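One structure is given below, encoded as structure tokens.
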Amino acid sequence: MKIPVEVLKNVAKEILVGLGETKENAEVISEILVNADMRGVSTHGTYLLKVIFMRVEGGQLKLPTLPRVISDKEATAVIDGMDGIGMVAGKMAVDIAIEKARKYGVGMSLICNTNNVGCLGVYTQNAAKQGVIAIMSCNAAPAMAPWGAAEKFLGTNPIAISIPGKDTIFTSDMATSVVARGKIREASRKGIKIPDNWALDSEGRPTTDPEEALKGTLMPIGGPKGSSLAMAVDIISGILSGSGFGNQLKSFHVLEGPTRVGASAIIIDVSHFMELEKFKELVEGYFTTVKALKKAQKVEEILIPGEIEFRKEQKSLEDGIEIDDKLAITFDELLKKINSNIKLISD
């Protein structure tokens with residue numbers, strides 16, 4: 001079913017406040033979750049409300065979320081997420097890094113002891129709209145074996161980069177595994193097979209069964225290249241921030257204790273290096289040149305990273321967000337649990 005953007009935001013805010021989150025935090029969280037849905041990244045969208053609800057009920061998520069700055073030095077800061085909802089600490093980290101970049105040219109914030117921060121591309125794209133280059137990464141519970149190993153140790157450890165052009169924002173947002181683990185969970189929920197190059201089973205064999213994949217390990221993108229990038233993300237977001245790393249991290253989707261996720265946000269203020277409008281024009285010209293290149297066979301259009309997601313976002317604003325009927329039922333169940341009068345599905 002399709003749900004108008006504002007309706008879905010209101011549902012998310014209602015559930016979050018009903019769980020004990022502040023209205024201000026609920027606004028931030030719902031904006032990030034719904035934006036992910038709008039961009040077609042449903043694995044990091046409002047689906048996570050179900051997981052958040054489960055963790056709160058299980059006593060493994062501290063609400064309201066009260067992140068605090070534990071280090072503030074020149075162009076750097078470290079934020080303790082206080083085991084709350086990750087999107088609150090994530091936005092705080094980006095906002096602080098932007099403020100520092102305005103002063104120093106480059107600003108960097110690290111987050112320790114948080115949880116799933118959601119779709120990184122949402123943060124970096126929003127930052128790029130303010131005339132900065134944004135780079136964000138985070139680690140995650142073990143799901144992938146380092147190259148040459150047969151035992152999972154690394155998370156999917158995503159990284160996102162956004163660069164502003166005059167009319168277009170470049171946004172590369174990717175897991176360091178061939179696919180995010182959420183895609184495999186989604187396939188499991190839907191009872192469908194996965195491609196045989198996504199994951200290995202517990203015996204190290206390629207599998208198309210999402211259940212076997214969840215028991216096994218994901219495959220790194222580009223083999224050793226993805227593995228090395230995942231390790232770099234883990235070291236910067238986890239070790240450097242003073243958070244968990246490697247097999248110290250716990251899954252957000254299972255009640256097995258604090259996840260201890262770490263994240264990083266690096267902001268570059270373009271105006272410290274070049275006049276912003278000149279930079280945007282040069283970048284836009286770069287995009288135009290790329291899109292005008294000779295196309296490979298069967299390719300109708302050369303796309304700039306983030307362009308597909310931007311188009312989906314615009315379509316979502318016009319037509320609403322497509323939500324799985326089962327998820328809509330789940331939202332109604334959660335709303336009922338917090339004694340809300342809101343309902344998505346009419347009787």
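By convention in this document, the chains of the structure tokens carry letters A, B, ... by their order, each chain's residues are numbered from 1, and ligands are numbered from 1 in the order they are shown.
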Dump as a Markdown table the rows for residues of segment 225-332 of chain A within 9 Å of segment 47-52 of chain A: closest atom pair and distance in Å with one decimal, only C-alpha atoms counted, ordered by chain and rising residue number.
```
| residue | atom | partner | partner_atom | distance |
| --- | --- | --- | --- | --- |
| A:Phe252 | CA | A:Val51 | CA | 7.5 |
| A:His253 | CA | A:Val51 | CA | 6.1 |
| A:Val254 | CA | A:Val51 | CA | 8.5 |
| A:Leu327 | CA | A:Tyr47 | CA | 7.1 |
| A:Thr330 | CA | A:Lys50 | CA | 7.5 |
| A:Phe331 | CA | A:Lys50 | CA | 7.8 |
```
With C-alpha atoms retained, export the selected residues as a PDB file, in the first residue's frame.
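The result, stored in out_37.pdb:
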```pdb
ATOM      1  CA  PHE A 252      20.728  -4.695  16.523  1.00  0.00           C
ATOM      2  CA  HIS A 253      18.158  -7.247  15.368  1.00  0.00           C
ATOM      3  CA  VAL A 254      18.707  -9.738  18.200  1.00  0.00           C
ATOM      4  CA  LEU A 327       4.659  -3.914   7.583  1.00  0.00           C
ATOM      5  CA  THR A 330       2.885  -4.333  12.080  1.00  0.00           C
ATOM      6  CA  PHE A 331       2.692  -0.544  12.419  1.00  0.00           C
TER       7      PHE A 331
END
```
Excluding Lys278 of chain A and residues on its chain fewer than 4 positions from it, collect all residues at most 12 Å away from it, counting only C-alpha atoms, and give them as a VMD selection string. chain A and resid 131 164 to 166 270 to 271 273 to 274 282 to 285
Closest atom pairs, segment 84-158 of chain A residues within 12 Å of segment 213-230 of chain A, only C-alpha atoms, as CSV:
```
residue,atom,partner,partner_atom,distance
A:Ser137,CA,A:Ala230,CA,9.8
A:Cys138,CA,A:Ala230,CA,9.5
A:Asn139,CA,A:Ala230,CA,8.1
A:Ala140,CA,A:Ala230,CA,9.9
A:Ala141,CA,A:Thr217,CA,11.5
A:Pro142,CA,A:Thr217,CA,8.5
A:Ala143,CA,A:Thr217,CA,5.4
A:Met144,CA,A:Leu218,CA,4.6
A:Ala145,CA,A:Thr217,CA,6.2
A:Pro146,CA,A:Ser227,CA,5.4
A:Trp147,CA,A:Pro224,CA,5.3
A:Gly148,CA,A:Pro224,CA,8.3
A:Ala149,CA,A:Thr217,CA,10.3
A:Ala150,CA,A:Thr217,CA,8.1
A:Glu151,CA,A:Thr217,CA,7.2
A:Lys152,CA,A:Thr217,CA,5.7
A:Phe153,CA,A:Thr217,CA,9.0
A:Leu154,CA,A:Ala230,CA,6.8
A:Gly155,CA,A:Ala230,CA,7.3
A:Thr156,CA,A:Ala230,CA,7.0
A:Asn157,CA,A:Ala230,CA,5.5
A:Pro158,CA,A:Ala230,CA,7.6
```
Tell me which protein, DNA and RNA residues are within 9 Å of Glu21 of chain A, counting only C-alpha atoms, leaving out same-chain ones fewer than 6 positions away, and put them as a PyMOL selection string. chain A and resi 13+15+63-65
Write out as number ranges by chain which residues come within 12 Å of Lys193 of chain A when counting only C-alpha atoms, dropping same-chain ones fewer than 2 positions away. A: 183-191, 195-199, 207-213
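The smallest atom-to-atom distance between Ile111 of chain A and any of A:Ala292, A:Val261, A:Ala232, A:Val7, using only C-alpha atoms, is found for A:Val261.
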